[in-house]
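Enquirer: coords.cif is reproduced below (mmCIF, C-alpha atoms and all ligand atoms).
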```
data_target
loop_
_atom_site.label_atom_id
_atom_site.label_comp_id
_atom_site.auth_asym_id
_atom_site.auth_seq_id
_atom_site.Cartn_x
_atom_site.Cartn_y
_atom_site.Cartn_z
CA MET T 101 56.80 -25.15 75.61
CA LYS T 102 60.25 -23.60 75.33
CA THR T 103 60.58 -20.46 77.45
CA LYS T 104 64.33 -19.70 77.42
CA ILE T 105 64.98 -18.50 73.93
CA ILE T 106 67.56 -16.51 71.98
CA PHE T 107 67.00 -14.95 68.55
CA LEU T 108 70.36 -14.69 66.80
CA GLY T 109 70.95 -13.09 63.43
CA PRO T 110 72.32 -10.10 61.57
CA PRO T 111 70.73 -6.64 61.64
CA GLY T 112 67.55 -6.53 59.61
CA SER T 113 67.03 -10.28 59.61
CA GLY T 114 63.59 -9.89 61.24
CA LYS T 115 64.40 -10.72 64.88
CA GLY T 116 62.42 -7.78 66.27
CA THR T 117 59.43 -8.32 63.98
CA GLN T 118 59.14 -11.98 64.94
CA ALA T 119 59.88 -11.35 68.62
CA GLN T 120 57.06 -8.77 68.85
CA MET T 121 54.57 -11.19 67.30
CA VAL T 122 55.64 -14.43 68.96
CA SER T 123 56.07 -12.97 72.47
CA LYS T 124 52.59 -11.48 72.35
CA ASP T 125 50.98 -14.72 71.13
CA LEU T 126 52.87 -17.06 73.47
CA GLY T 127 53.27 -14.90 76.60
CA LEU T 128 57.07 -14.69 76.48
CA ASN T 129 59.07 -11.79 77.94
CA HIS T 130 60.60 -10.06 74.94
CA ILE T 131 63.90 -8.37 75.78
CA SER T 132 65.64 -6.27 73.15
CA PRO T 133 68.68 -4.26 74.26
CA GLY T 134 68.37 -2.23 71.04
CA GLU T 135 64.87 -1.10 72.09
CA ILE T 136 66.02 -0.40 75.65
CA PHE T 137 68.87 1.75 74.29
CA ARG T 138 66.61 3.68 71.90
CA ARG T 139 64.34 4.51 74.85
CA ILE T 140 67.29 5.63 77.01
CA ILE T 141 68.55 7.87 74.18
CA LYS T 142 65.09 9.34 73.50
CA GLU T 143 64.38 10.11 77.16
CA ASN T 144 68.00 11.00 77.97
CA ASN T 145 67.56 8.90 81.09
CA PRO T 146 69.76 7.88 82.86
CA ALA T 147 71.62 10.93 81.54
CA GLU T 148 75.05 9.60 82.72
CA ILE T 149 74.94 6.79 80.15
CA ALA T 150 72.56 8.14 77.47
CA GLU T 151 75.25 10.11 75.60
CA LYS T 152 77.65 7.20 75.64
CA ILE T 153 75.03 4.73 74.39
CA LYS T 154 74.01 7.19 71.67
CA PHE T 155 77.55 7.31 70.37
CA TYR T 156 77.84 3.52 70.02
CA VAL T 157 74.35 2.93 68.59
CA GLN T 158 74.62 5.72 66.04
CA SER T 159 78.07 4.54 64.95
CA GLY T 160 76.77 0.98 64.46
CA LEU T 161 79.14 -0.34 67.14
CA LEU T 162 78.37 -2.62 70.06
CA VAL T 163 77.65 -0.87 73.35
CA PRO T 164 80.20 -2.03 75.98
CA ASP T 165 79.25 -5.35 77.59
CA GLU T 166 78.95 -3.99 81.16
CA ILE T 167 76.37 -1.39 80.12
CA VAL T 168 74.36 -3.92 78.10
CA PHE T 169 74.37 -6.47 80.86
CA GLU T 170 73.36 -4.00 83.58
CA ALA T 171 70.33 -3.11 81.45
CA ILE T 172 69.42 -6.74 80.72
CA LYS T 173 69.72 -7.87 84.34
CA LEU T 174 67.07 -5.42 85.45
CA VAL T 175 64.41 -7.05 83.28
CA LEU T 176 65.55 -10.66 82.87
CA ASP T 177 63.39 -13.40 84.37
CA LYS T 178 65.54 -16.55 84.48
CA LYS T 179 62.72 -18.87 83.44
CA ASN T 180 60.89 -16.86 80.78
CA PHE T 181 62.70 -14.81 78.17
CA LEU T 182 62.92 -14.21 74.46
CA LEU T 183 66.22 -12.42 73.97
CA ASP T 184 66.34 -10.43 70.72
CA GLY T 185 69.85 -9.11 70.07
CA PHE T 186 71.57 -10.53 73.13
CA PRO T 187 74.15 -12.03 73.47
CA ARG T 188 76.22 -10.50 70.65
CA ASN T 189 79.66 -11.78 71.55
CA LEU T 190 81.23 -14.60 73.49
CA ASN T 191 81.70 -12.55 76.65
CA GLN T 192 77.99 -11.66 76.71
CA ALA T 193 77.13 -15.35 76.23
CA LYS T 194 79.24 -16.20 79.30
CA LEU T 195 77.71 -13.36 81.35
CA LEU T 196 74.28 -14.74 80.52
CA GLU T 197 75.28 -18.26 81.56
CA GLU T 198 76.58 -16.99 84.90
CA PHE T 199 73.41 -15.02 85.50
CA LEU T 200 71.19 -18.03 84.65
CA ASP T 201 73.01 -19.95 87.36
CA GLY T 202 72.41 -23.47 86.04
CA GLU T 203 69.19 -22.79 84.10
CA LEU T 204 69.80 -24.06 80.55
CA LEU T 205 68.78 -22.31 77.35
CA ASP T 206 66.04 -24.15 75.43
CA VAL T 207 66.80 -23.00 71.89
CA VAL T 208 68.69 -20.48 69.78
CA ILE T 209 66.85 -19.54 66.60
CA TYR T 210 69.21 -18.31 63.91
CA PHE T 211 67.83 -15.96 61.23
CA ASN T 212 69.69 -16.74 58.00
CA ILE T 213 69.74 -13.97 55.35
CA SER T 214 72.05 -12.37 52.76
CA ASP T 215 73.68 -8.92 53.06
CA GLU T 216 71.80 -7.66 49.96
CA GLU T 217 68.44 -8.51 51.51
CA ILE T 218 69.45 -6.85 54.81
CA ILE T 219 70.30 -3.59 53.06
CA LYS T 220 67.02 -3.63 51.12
CA ARG T 221 64.98 -4.25 54.25
CA LEU T 222 66.68 -1.74 56.50
CA SER T 223 66.47 1.00 53.88
CA SER T 224 62.68 0.54 53.84
CA ARG T 225 62.09 0.03 57.58
CA ARG T 226 59.97 2.43 59.61
CA SER T 227 59.17 2.23 63.32
CA CYS T 228 56.87 3.78 65.87
CA PRO T 229 58.80 6.16 68.15
CA LYS T 230 56.25 5.56 70.91
CA CYS T 231 55.76 1.76 71.11
CA GLY T 232 58.63 0.52 68.90
CA ARG T 233 56.36 -1.46 66.56
CA ILE T 234 58.21 -2.29 63.33
CA TYR T 235 56.91 -1.64 59.80
CA ASN T 236 58.27 -1.73 56.29
CA ILE T 237 57.15 0.46 53.40
CA LEU T 238 57.62 -2.49 51.00
CA THR T 239 56.56 -5.54 53.00
CA LEU T 240 54.68 -4.50 56.15
CA ARG T 241 52.83 -1.27 55.63
CA PRO T 242 50.76 0.41 58.35
CA LYS T 243 47.00 0.64 57.75
CA LYS T 244 47.15 4.43 57.49
CA GLU T 245 50.01 6.03 55.51
CA ASN T 246 53.05 6.47 57.81
CA LEU T 247 51.05 6.15 61.07
CA CYS T 248 51.41 3.44 63.73
CA ASP T 249 48.36 1.12 63.74
CA ASP T 250 48.33 1.10 67.57
CA CYS T 251 49.41 4.65 68.55
CA GLU T 252 48.50 6.70 65.42
CA VAL T 253 51.87 8.40 65.86
CA GLU T 254 53.99 9.37 62.81
CA LEU T 255 56.50 6.60 61.96
CA ILE T 256 60.22 7.34 61.88
CA ILE T 257 63.39 6.07 60.20
CA ARG T 258 65.89 4.79 62.78
CA GLU T 259 69.04 6.92 63.13
CA ASP T 260 71.19 3.84 62.54
CA ASP T 261 69.40 2.89 59.30
CA LYS T 262 71.65 5.09 57.15
CA ILE T 263 73.50 3.07 54.52
CA GLU T 264 76.99 3.61 56.02
CA THR T 265 75.77 2.61 59.49
CA ILE T 266 73.93 -0.44 58.12
CA LYS T 267 77.18 -1.58 56.49
CA LYS T 268 79.07 -0.99 59.72
CA ARG T 269 76.51 -3.02 61.68
CA ILE T 270 76.84 -5.91 59.21
CA GLU T 271 80.62 -5.77 59.56
CA VAL T 272 80.42 -5.74 63.38
CA TYR T 273 77.96 -8.64 63.27
CA LYS T 274 80.37 -10.73 61.18
CA LYS T 275 83.35 -9.87 63.33
CA GLU T 276 81.83 -10.16 66.80
CA THR T 277 78.49 -12.00 66.72
CA ALA T 278 78.57 -14.63 63.95
CA SER T 279 80.89 -16.89 65.98
CA LEU T 280 77.96 -17.53 68.35
CA ILE T 281 76.41 -19.72 65.62
CA ASP T 282 79.12 -22.26 66.33
CA TYR T 283 79.07 -21.66 70.09
CA TYR T 284 75.37 -22.57 70.28
CA LYS T 285 75.41 -25.28 67.58
CA LYS T 286 73.94 -27.99 69.82
CA ILE T 287 70.76 -26.03 70.50
CA LEU T 288 70.63 -23.93 67.31
CA ILE T 289 67.81 -24.10 64.76
CA ASP T 290 68.41 -22.33 61.47
CA VAL T 291 65.42 -20.61 59.80
CA ASP T 292 65.29 -19.09 56.32
CA ALA T 293 64.69 -15.43 57.23
CA THR T 294 63.66 -14.56 53.67
CA GLU T 295 60.35 -16.41 53.96
CA SER T 296 57.21 -14.32 54.44
CA ILE T 297 56.66 -12.77 57.86
CA GLU T 298 53.55 -14.89 58.45
CA SER T 299 55.11 -18.18 57.45
CA LEU T 300 58.14 -17.48 59.64
CA THR T 301 55.92 -16.64 62.62
CA ASN T 302 54.17 -19.99 62.23
CA LYS T 303 57.45 -21.85 61.89
CA ILE T 304 58.99 -20.16 64.95
CA LYS T 305 55.86 -20.73 67.03
CA SER T 306 55.89 -24.41 66.18
CA ILE T 307 59.58 -24.66 67.16
CA ILE T 308 58.83 -23.00 70.50
CA LEU T 309 55.74 -25.10 71.16
CA SER T 310 57.40 -28.43 70.30
P1 LIG T 401 69.12 -3.68 67.48
O1 LIG T 401 67.99 -2.78 67.66
O2 LIG T 401 69.07 -5.04 68.05
O3 LIG T 401 69.48 -3.74 65.93
P2 LIG T 401 70.03 -4.92 65.01
O4 LIG T 401 70.54 -6.14 65.63
O5 LIG T 401 70.96 -4.19 64.09
O6 LIG T 401 68.80 -5.49 64.38
P3 LIG T 401 67.63 -4.70 63.77
O7 LIG T 401 66.71 -4.23 64.85
O8 LIG T 401 68.16 -3.66 62.81
O9 LIG T 401 66.95 -5.83 62.86
P4 LIG T 401 65.95 -6.99 63.23
O10 LIG T 401 66.62 -8.30 63.04
O11 LIG T 401 65.27 -6.76 64.54
O12 LIG T 401 64.94 -6.82 62.02
P5 LIG T 401 63.46 -6.17 62.00
O13 LIG T 401 62.50 -7.13 62.64
O14 LIG T 401 63.46 -4.77 62.47
O15 LIG T 401 70.45 -2.96 68.05
C1 LIG T 401 70.71 -1.61 67.75
C2 LIG T 401 72.04 -1.20 68.34
O16 LIG T 401 71.99 -1.33 69.78
C3 LIG T 401 73.25 -2.05 67.93
O17 LIG T 401 73.80 -1.64 66.70
C4 LIG T 401 74.20 -1.80 69.11
O18 LIG T 401 74.79 -0.54 69.00
C5 LIG T 401 73.24 -1.79 70.29
N1 LIG T 401 73.06 -3.13 70.87
C6 LIG T 401 71.94 -3.90 70.81
N2 LIG T 401 72.14 -5.07 71.41
C7 LIG T 401 73.43 -5.06 71.85
C8 LIG T 401 74.23 -6.01 72.55
N3 LIG T 401 73.77 -7.21 72.91
N4 LIG T 401 75.50 -5.66 72.79
C9 LIG T 401 76.01 -4.47 72.45
N5 LIG T 401 75.27 -3.52 71.81
C10 LIG T 401 74.01 -3.82 71.51
O19 LIG T 401 63.17 -6.22 60.42
C11 LIG T 401 63.85 -5.37 59.54
C12 LIG T 401 62.89 -4.88 58.45
O20 LIG T 401 62.52 -5.98 57.63
C13 LIG T 401 61.58 -4.30 59.01
O21 LIG T 401 61.20 -3.22 58.20
C14 LIG T 401 60.58 -5.46 58.86
O22 LIG T 401 59.27 -4.99 58.66
C15 LIG T 401 61.11 -6.18 57.64
N6 LIG T 401 60.92 -7.62 57.70
C16 LIG T 401 61.09 -8.41 58.78
N7 LIG T 401 60.86 -9.70 58.48
C17 LIG T 401 60.56 -9.74 57.15
C18 LIG T 401 60.24 -10.79 56.24
N8 LIG T 401 60.21 -12.06 56.64
N9 LIG T 401 59.99 -10.46 54.95
C19 LIG T 401 60.04 -9.16 54.55
N10 LIG T 401 60.32 -8.13 55.35
C20 LIG T 401 60.58 -8.40 56.65
MG MG T 402 65.47 -5.31 66.05
#
```
In structure tokens, write the structure found in this file.
Expert:
Amino acid sequence: MKTKIIFLGPPGSGKGTQAQMVSKDLGLNHISPGEIFRRIIKENNPAEIAEKIKFYVQSGLLVPDEIVFEAIKLVLDKKNFLLDGFPRNLNQAKLLEEFLDGELLDVVIYFNISDEEIIKRLSSRRSCPKCGRIYNILTLRPKKENLCDDCEVELIIREDDKIETIKKRIEVYKKETASLIDYYKKILIDVDATESIESLTNKIKSIILS
């Protein structure tokens, strides 16, 4: 089984949704800097960096590499990880390589999707403020109206899911992250991110298990 995995793709392509499902089923350590940052902002802890992170996340910009990497290092197990949203530029890819110290990545799964679909999905996304579970009012509804299936807490719209911020995130992705598709081409597997959630989960699990 592959245990050193990166999910690469634009905002709203379904990385988080698939990472939550696949990591639970296959016992992989899911690491999402976006989720870590949302927790830091919500708890205002550590306070020294919370304000700074909030500025970048809410503007749709990348948080500076040093801050991201400090956060990742604390939770990264060199032999078992599913990285969702890291690396996002060449420098982060190099920092990861240095940290792995000779351990090679097994696979990079690239979530391929159009801008139109991204905007549709992110405008209808909801998430649980307590556990981070992801829903969608069009495609992945909770069992009870606007309540998390696990926590029964009221679902929220992410601060960065405003249309202007979504567009900014897409622009930043194209400018800073998309070049990683070429960087990882030898170990990259492209999946059609517009397939149904269930069919994609099965496809990704079979890639990881092969
Ligand atoms: P992050 O939280 O990683 O946001 P993102 O990359 O913009 O990606 P999203 O979480 O918006 O989308 P996703 O691909 O996870 O899609 P999801 O599964 O939710 O990062 C947030 C911010 O943190 C960044 O903007 C940046 O500021 C900072 N940051 C994070 N990492 C950083 C880094 N490495 N360096 C610097 N800064 C960093 O799905 C979207 C919706 O679609 C959901 O509603 C879902 O239910 C639905 N959906 C999913 N799959 C399907 C499907 N197959 N069919 C139909 N609907 C689907
Ligand atoms: Mg996500």
Enquirer: Kindly compile the residues surrounding ligand LIG 401 (chain T) within 7 Å, counting only C-alpha atoms and all ligand atoms, and format them as a ChimeraX atom specification.
Expert: /T:109-118,132-135,137,156-158,160-165,168,184-188,221-222,224-226,234-236,239-240,269,293-297,300
Enquirer: So which one's closest to T:Ile307, T:Ile167, T:Glu245, T:Asp206, T:Pro229? Using only C-alpha atoms, please.
Expert: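 With only C-alpha atoms as the atom set, the closest residue is T:Asp206.
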Enquirer: Given only C-alpha atoms and all ligand atoms as the basis, pick out the residue of T:Ile149, T:Cys251, T:Leu126, T:Ile136 nearest to ligand MG 402 (chain T).
Expert: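 Result for the nearest residue to ligand MG 402 (chain T): T:Ile136.
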Enquirer: What's the 10 Å shell around T:Glu203, counting only C-alpha atoms, without same-chain residues fewer than 5 positions away, as a PDB file with C-alpha atoms, in the frame of the given file?
Expert:
```pdb
ATOM      1  CA  LYS T 104      64.330 -19.700  77.420  1.00  0.00           C
ATOM      2  CA  LYS T 178      65.540 -16.550  84.480  1.00  0.00           C
ATOM      3  CA  LYS T 179      62.720 -18.870  83.440  1.00  0.00           C
ATOM      4  CA  GLU T 197      75.280 -18.260  81.560  1.00  0.00           C
ATOM      5  CA  GLU T 198      76.580 -16.990  84.900  1.00  0.00           C
TER       6      GLU T 198
END
```
Enquirer: Counting only C-alpha atoms, which residue out of T:Leu176, T:Glu264, T:Leu182, T:Lys220 sits closest to T:Lys124?
Expert: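 For T:Lys124, the nearest of the given residues is T:Leu182.
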Enquirer: Measuring atom to atom with all atoms listed in the file, identify which of T:Lys154, T:Lys305, T:Lys275, T:Arg233 is nearest to T:Gln120.
Expert: T:Arg233
Enquirer: Check the smallest atom-to-atom distance from each of T:Ile141, T:Ile270, T:Asn246, T:Leu183 to T:Ile209 using all atoms listed in the file, then report the winner.
Expert: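 Closest to T:Ile209 of all the choices is T:Leu183.
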Enquirer: Just to confirm, what's the straight-line distance from atom CA of T:Tyr283 to atom CA of T:His130 in Å (one decimal)?
Expert: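 So the two atoms, atom CA of T:Tyr283 and atom CA of T:His130, lie 22.3 Å apart.
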Enquirer: Go ahead and compute the interatomic distance for atom CA of T:Ile289 and atom CA of T:Glu170, in Å to one decimal.
Expert: 28.1 Å
